[in-house]
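Visitor: File follows, upload-v4.pdb with PDB, C-alpha atoms, pLDDT in the B column:
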```pdb
ATOM      1  CA  MET A   1     -93.528  95.266 -50.333  1.00 81.00           C
ATOM      2  CA  CYS A   2     -90.633  97.273 -48.890  1.00 82.00           C
ATOM      3  CA  GLU A   3     -92.870  98.968 -46.328  1.00 81.00           C
ATOM      4  CA  GLY A   4     -92.846  95.716 -44.357  1.00 80.00           C
ATOM      5  CA  TYR A   5     -89.051  95.624 -44.278  1.00 80.00           C
ATOM      6  CA  GLY A   6     -87.824  99.161 -43.917  1.00 82.00           C
ATOM      7  CA  HIS A   7     -88.286 102.836 -43.266  1.00 83.00           C
ATOM      8  CA  ARG A   8     -89.545 104.938 -46.198  1.00 86.00           C
ATOM      9  CA  VAL A   9     -87.270 107.937 -46.738  1.00 82.00           C
ATOM     10  CA  GLN A  10     -88.746 109.118 -50.054  1.00 85.00           C
ATOM     11  CA  LYS A  11     -91.598 108.089 -52.334  1.00 86.00           C
ATOM     12  CA  SER A  12     -89.861 104.907 -53.447  1.00 84.00           C
ATOM     13  CA  VAL A  13     -86.655 104.926 -51.388  1.00 88.00           C
ATOM     14  CA  PHE A  14     -86.342 102.743 -48.307  1.00 88.00           C
ATOM     15  CA  GLU A  15     -83.751 102.176 -45.614  1.00 84.00           C
ATOM     16  CA  VAL A  16     -83.789  98.503 -44.707  1.00 86.00           C
ATOM     17  CA  THR A  17     -81.718  96.843 -42.007  1.00 81.00           C
ATOM     18  CA  CYS A  18     -81.440  93.089 -42.361  1.00 82.00           C
ATOM     19  CA  THR A  19     -79.021  90.322 -41.539  1.00 82.00           C
ATOM     20  CA  SER A  20     -76.910  88.460 -44.072  1.00 83.00           C
ATOM     21  CA  ALA A  21     -79.359  85.582 -43.717  1.00 87.00           C
ATOM     22  CA  GLN A  22     -82.406  87.799 -44.431  1.00 86.00           C
ATOM     23  CA  LEU A  23     -80.950  89.534 -47.494  1.00 88.00           C
ATOM     24  CA  PRO A  24     -81.365  86.647 -49.989  1.00 92.00           C
ATOM     25  CA  ARG A  25     -85.043  86.291 -49.028  1.00 91.00           C
ATOM     26  CA  LEU A  26     -85.670  90.020 -49.446  1.00 90.00           C
ATOM     27  CA  ARG A  27     -83.814  90.054 -52.777  1.00 92.00           C
ATOM     28  CA  GLN A  28     -85.853  87.090 -54.030  1.00 95.00           C
ATOM     29  CA  LYS A  29     -89.165  88.698 -53.036  1.00 93.00           C
ATOM     30  CA  LEU A  30     -88.198  91.861 -54.917  1.00 93.00           C
ATOM     31  CA  THR A  31     -87.074  89.847 -57.953  1.00 95.00           C
ATOM     32  CA  ASP A  32     -90.392  87.997 -57.958  1.00 96.00           C
ATOM     33  CA  ILE A  33     -92.600  91.122 -57.982  1.00 94.00           C
ATOM     34  CA  ILE A  34     -90.776  93.653 -60.143  1.00 94.00           C
ATOM     35  CA  ASN A  35     -91.369  94.308 -63.806  1.00 95.00           C
ATOM     36  CA  HIS A  36     -87.940  93.461 -65.203  1.00 95.00           C
ATOM     37  CA  THR A  37     -88.441  95.669 -68.271  1.00 95.00           C
ATOM     38  CA  VAL A  38     -89.127  98.949 -66.435  1.00 95.00           C
ATOM     39  CA  ASP A  39     -88.321  98.644 -62.703  1.00 93.00           C
ATOM     40  CA  ASN A  40     -84.947  99.633 -61.314  1.00 92.00           C
ATOM     41  CA  ILE A  41     -84.019  98.479 -57.812  1.00 91.00           C
ATOM     42  CA  ARG A  42     -80.636  99.217 -56.289  1.00 91.00           C
ATOM     43  CA  LEU A  43     -79.293  97.639 -53.118  1.00 90.00           C
ATOM     44  CA  TYR A  44     -76.529  99.574 -51.378  1.00 86.00           C
ATOM     45  CA  ARG A  45     -74.767  97.726 -48.571  1.00 83.00           C
ATOM     46  CA  LEU A  46     -73.425  99.872 -45.767  1.00 78.00           C
ATOM     47  CA  THR A  47     -70.678  98.792 -43.420  1.00 77.00           C
ATOM     48  CA  ALA A  48     -71.344  98.346 -39.708  1.00 73.00           C
ATOM     49  CA  GLY A  49     -71.865 101.696 -38.008  1.00 75.00           C
ATOM     50  CA  SER A  50     -72.554 103.583 -41.255  1.00 76.00           C
ATOM     51  CA  LEU A  51     -76.078 104.581 -40.204  1.00 69.00           C
ATOM     52  CA  GLN A  52     -74.702 106.420 -37.174  1.00 74.00           C
ATOM     53  CA  ASN A  53     -72.835 108.722 -39.571  1.00 78.00           C
ATOM     54  CA  VAL A  54     -75.777 109.720 -41.780  1.00 76.00           C
ATOM     55  CA  GLU A  55     -76.172 113.483 -42.092  1.00 79.00           C
ATOM     56  CA  ARG A  56     -79.804 114.571 -42.207  1.00 77.00           C
ATOM     57  CA  LEU A  57     -81.078 117.963 -43.398  1.00 81.00           C
ATOM     58  CA  GLY A  58     -84.596 119.393 -43.308  1.00 84.00           C
ATOM     59  CA  ILE A  59     -87.379 117.194 -41.992  1.00 78.00           C
ATOM     60  CA  ALA A  60     -85.462 113.932 -42.389  1.00 69.00           C
ATOM     61  CA  GLN A  61     -86.154 111.611 -39.482  1.00 68.00           C
ATOM     62  CA  LEU A  62     -83.801 109.212 -37.795  1.00 66.00           C
ATOM     63  CA  ALA A  63     -84.659 105.707 -38.966  1.00 64.00           C
ATOM     64  CA  PRO A  64     -85.401 103.289 -36.120  1.00 62.00           C
ATOM     65  CA  HIS A  65     -82.421 101.008 -36.809  1.00 59.00           C
ATOM     66  CA  GLN A  66     -81.158 100.851 -33.237  1.00 56.00           C
ATOM     67  CA  GLY A  67     -83.999  99.018 -31.517  1.00 52.00           C
ATOM     68  CA  ASP A  68     -85.781  95.755 -32.077  1.00 47.00           C
ATOM     69  CA  HIS A  69     -87.342  95.152 -35.493  1.00 45.00           C
ATOM     70  CA  ILE A  70     -90.499  93.221 -36.175  1.00 43.00           C
ATOM     71  CA  LEU A  71     -90.915  91.901 -39.705  1.00 39.00           C
TER      72      LEU A  71
END
```
Output the file's structure as structure tokens, nothing else.

Guide:
Amino acid sequence: MCEGYGHRVQKSVFEVTCTSAQLPRLRQKLTDIINHTVDNIRLYRLTAGSLQNVERLGIAQLAPHQGDHIL
């Protein structure tokens, strides 16, 4: 489900950029599909401009957070 909302950075780790209005909808979709006895989803909110300060090592790619997004 997250592939439609963000950029995969590891097997099950995604960077997602959304507005304050989009976040409740995304959270609800995740809540609806997870197995609440075994799944563990963490949402980390970053302040404005935080993604410009990400340090990448190895083959890490810059996530396309600067341009237009189509969901």

Visitor: To test your reading of the syntax: which residues would the PyMOL selection byres ((chain A and resi 24-41) around 10) return for the file shown? Reply as a list in words.

Guide: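 Applied to this file, the PyMOL selection byres ((chain A and resi 24-41) around 10) selects Met1, Cys2, Tyr5, Ser12, Val13, Val16, Cys18, Thr19, Ser20, Ala21, Gln22, Leu23, Arg42, Leu43 and Tyr44 of chain A.
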
Visitor: Show me, as a PyMOL selection string, the residues that have an atom within 8 Å of Glu15 of chain A when counting all atoms listed in the file, minus same-chain residues fewer than 6 positions from it.

Guide: chain A and resi 6-9+63

Visitor: Go ahead and compute the interatomic distance for atom CA of Gln10 of chain A and atom CA of Asn53 of chain A, in Å to one decimal.

Guide: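 Calculated distance between atom CA of Gln10 of chain A and atom CA of Asn53 of chain A is 19.1 Å.
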
Visitor: Can you sort out the box for segment 20-33 of chain A, edges along x, y and z, all listed atoms in, 3 Å on every side, with centre and edge lengths in Å to one decimal, as JSON?

Guide:
```
{"center_x": -84.8, "center_y": 88.7, "center_z": -50.8, "size_x": 21.7, "size_y": 12.3, "size_z": 20.3}
```

Visitor: Could you pull segment 18-33 of chain A out of the block above and save it with all heavy atoms, as a tab-separated table (two decimals), in the first residue's frame?

Guide:
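File produced: result23.tsv:
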```
chain	number	residue	atom	x	y	z
A	18	CYS	N	3.50	14.01	2.61
A	18	CYS	CA	2.08	14.28	2.49
A	18	CYS	C	1.75	15.54	3.28
A	18	CYS	O	2.51	15.97	4.13
A	18	CYS	CB	1.24	13.10	2.95
A	18	CYS	SG	1.42	12.67	4.68
A	19	THR	N	0.59	16.09	2.99
A	19	THR	CA	0.15	17.28	3.70
A	19	THR	C	-0.53	16.87	5.01
A	19	THR	O	-0.84	15.70	5.22
A	19	THR	CB	-0.86	18.07	2.84
A	19	THR	OG1	-2.04	17.26	2.68
A	19	THR	CG2	-0.27	18.44	1.49
A	20	SER	N	-0.78	17.85	5.84
A	20	SER	CA	-1.49	17.58	7.10
A	20	SER	C	-2.88	17.03	6.83
A	20	SER	O	-3.41	16.25	7.62
A	20	SER	CB	-1.60	18.86	7.93
A	20	SER	OG	-0.32	19.30	8.32
A	21	ALA	N	-3.47	17.43	5.71
A	21	ALA	CA	-4.80	16.93	5.36
A	21	ALA	C	-4.75	15.49	4.86
A	21	ALA	O	-5.70	14.73	5.04
A	21	ALA	CB	-5.42	17.82	4.29
A	22	GLN	N	-3.66	15.07	4.22
A	22	GLN	CA	-3.53	13.72	3.68
A	22	GLN	C	-3.14	12.70	4.74
A	22	GLN	O	-3.45	11.52	4.61
A	22	GLN	CB	-2.48	13.69	2.56
A	22	GLN	CG	-2.87	14.48	1.34
A	22	GLN	CD	-1.69	14.65	0.40
A	22	GLN	OE1	-0.55	14.81	0.83
A	22	GLN	NE2	-1.98	14.63	-0.90
A	23	LEU	N	-2.48	13.13	5.78
A	23	LEU	CA	-1.96	12.21	6.80
A	23	LEU	C	-3.05	11.37	7.47
A	23	LEU	O	-2.89	10.15	7.59
A	23	LEU	CB	-1.14	12.96	7.85
A	23	LEU	CG	-0.52	12.10	8.95
A	23	LEU	CD1	0.38	11.02	8.37
A	23	LEU	CD2	0.24	12.97	9.93
A	24	PRO	N	-4.17	11.93	7.90
A	24	PRO	CA	-5.20	11.07	8.53
A	24	PRO	C	-5.71	9.97	7.60
A	24	PRO	O	-5.96	8.85	8.04
A	24	PRO	CB	-6.31	12.06	8.88
A	24	PRO	CG	-5.64	13.37	8.97
A	24	PRO	CD	-4.53	13.34	7.95
A	25	ARG	N	-5.84	10.27	6.32
A	25	ARG	CA	-6.31	9.26	5.35
A	25	ARG	C	-5.28	8.14	5.20
A	25	ARG	O	-5.63	6.96	5.21
A	25	ARG	CB	-6.56	9.93	4.01
A	25	ARG	CG	-7.08	8.99	2.96
A	25	ARG	CD	-7.41	9.73	1.70
A	25	ARG	NE	-7.68	8.78	0.63
A	25	ARG	CZ	-7.65	9.08	-0.64
A	25	ARG	NH1	-7.36	10.30	-1.02
A	25	ARG	NH2	-7.90	8.17	-1.55
A	26	LEU	N	-4.02	8.51	5.10
A	26	LEU	CA	-2.95	7.50	5.00
A	26	LEU	C	-2.91	6.65	6.26
A	26	LEU	O	-2.85	5.43	6.20
A	26	LEU	CB	-1.61	8.18	4.77
A	26	LEU	CG	-0.38	7.29	4.77
A	26	LEU	CD1	-0.47	6.21	3.70
A	26	LEU	CD2	0.89	8.12	4.60
A	27	ARG	N	-2.98	7.30	7.42
A	27	ARG	CA	-2.95	6.57	8.70
A	27	ARG	C	-4.13	5.59	8.79
A	27	ARG	O	-3.97	4.45	9.22
A	27	ARG	CB	-2.98	7.55	9.87
A	27	ARG	CG	-2.84	6.85	11.21
A	27	ARG	CD	-2.99	7.78	12.39
A	27	ARG	NE	-1.95	8.80	12.45
A	27	ARG	CZ	-2.17	10.11	12.32
A	27	ARG	NH1	-3.38	10.57	12.11
A	27	ARG	NH2	-1.17	10.96	12.40
A	28	GLN	N	-5.31	6.02	8.36
A	28	GLN	CA	-6.48	5.16	8.42
A	28	GLN	C	-6.33	3.97	7.48
A	28	GLN	O	-6.69	2.84	7.84
A	28	GLN	CB	-7.76	5.94	8.08
A	28	GLN	CG	-9.02	5.11	8.28
A	28	GLN	CD	-9.17	4.64	9.72
A	28	GLN	OE1	-9.13	5.44	10.65
A	28	GLN	NE2	-9.35	3.34	9.91
A	29	LYS	N	-5.82	4.18	6.28
A	29	LYS	CA	-5.61	3.07	5.34
A	29	LYS	C	-4.65	2.05	5.93
A	29	LYS	O	-4.86	0.84	5.82
A	29	LYS	CB	-5.09	3.58	4.01
A	29	LYS	CG	-6.14	4.23	3.15
A	29	LYS	CD	-5.55	4.59	1.81
A	29	LYS	CE	-6.61	5.09	0.86
A	29	LYS	NZ	-6.08	5.30	-0.49
A	30	LEU	N	-3.58	2.52	6.56
A	30	LEU	CA	-2.62	1.60	7.18
A	30	LEU	C	-3.28	0.84	8.33
A	30	LEU	O	-3.11	-0.37	8.47
A	30	LEU	CB	-1.40	2.37	7.68
A	30	LEU	CG	-0.50	2.95	6.59
A	30	LEU	CD1	0.51	3.90	7.19
A	30	LEU	CD2	0.18	1.85	5.80
A	31	THR	N	-4.03	1.55	9.16
A	31	THR	CA	-4.72	0.93	10.29
A	31	THR	C	-5.68	-0.15	9.82
A	31	THR	O	-5.81	-1.21	10.45
A	31	THR	CB	-5.47	1.99	11.10
A	31	THR	OG1	-4.52	2.95	11.59
A	31	THR	CG2	-6.21	1.39	12.28
A	32	ASP	N	-6.33	0.10	8.68
A	32	ASP	CA	-7.31	-0.85	8.16
A	32	ASP	C	-6.69	-2.14	7.63
A	32	ASP	O	-7.33	-3.19	7.64
A	32	ASP	CB	-8.13	-0.21	7.04
A	32	ASP	CG	-9.06	0.88	7.54
A	32	ASP	OD1	-9.31	0.96	8.76
A	32	ASP	OD2	-9.53	1.68	6.69
A	33	ILE	N	-5.44	-2.09	7.15
A	33	ILE	CA	-4.87	-3.28	6.49
A	33	ILE	C	-3.84	-4.04	7.32
A	33	ILE	O	-3.51	-5.16	6.97
A	33	ILE	CB	-4.25	-2.92	5.13
A	33	ILE	CG1	-3.03	-2.02	5.29
A	33	ILE	CG2	-5.27	-2.34	4.19
A	33	ILE	CD1	-2.23	-1.84	4.02
```
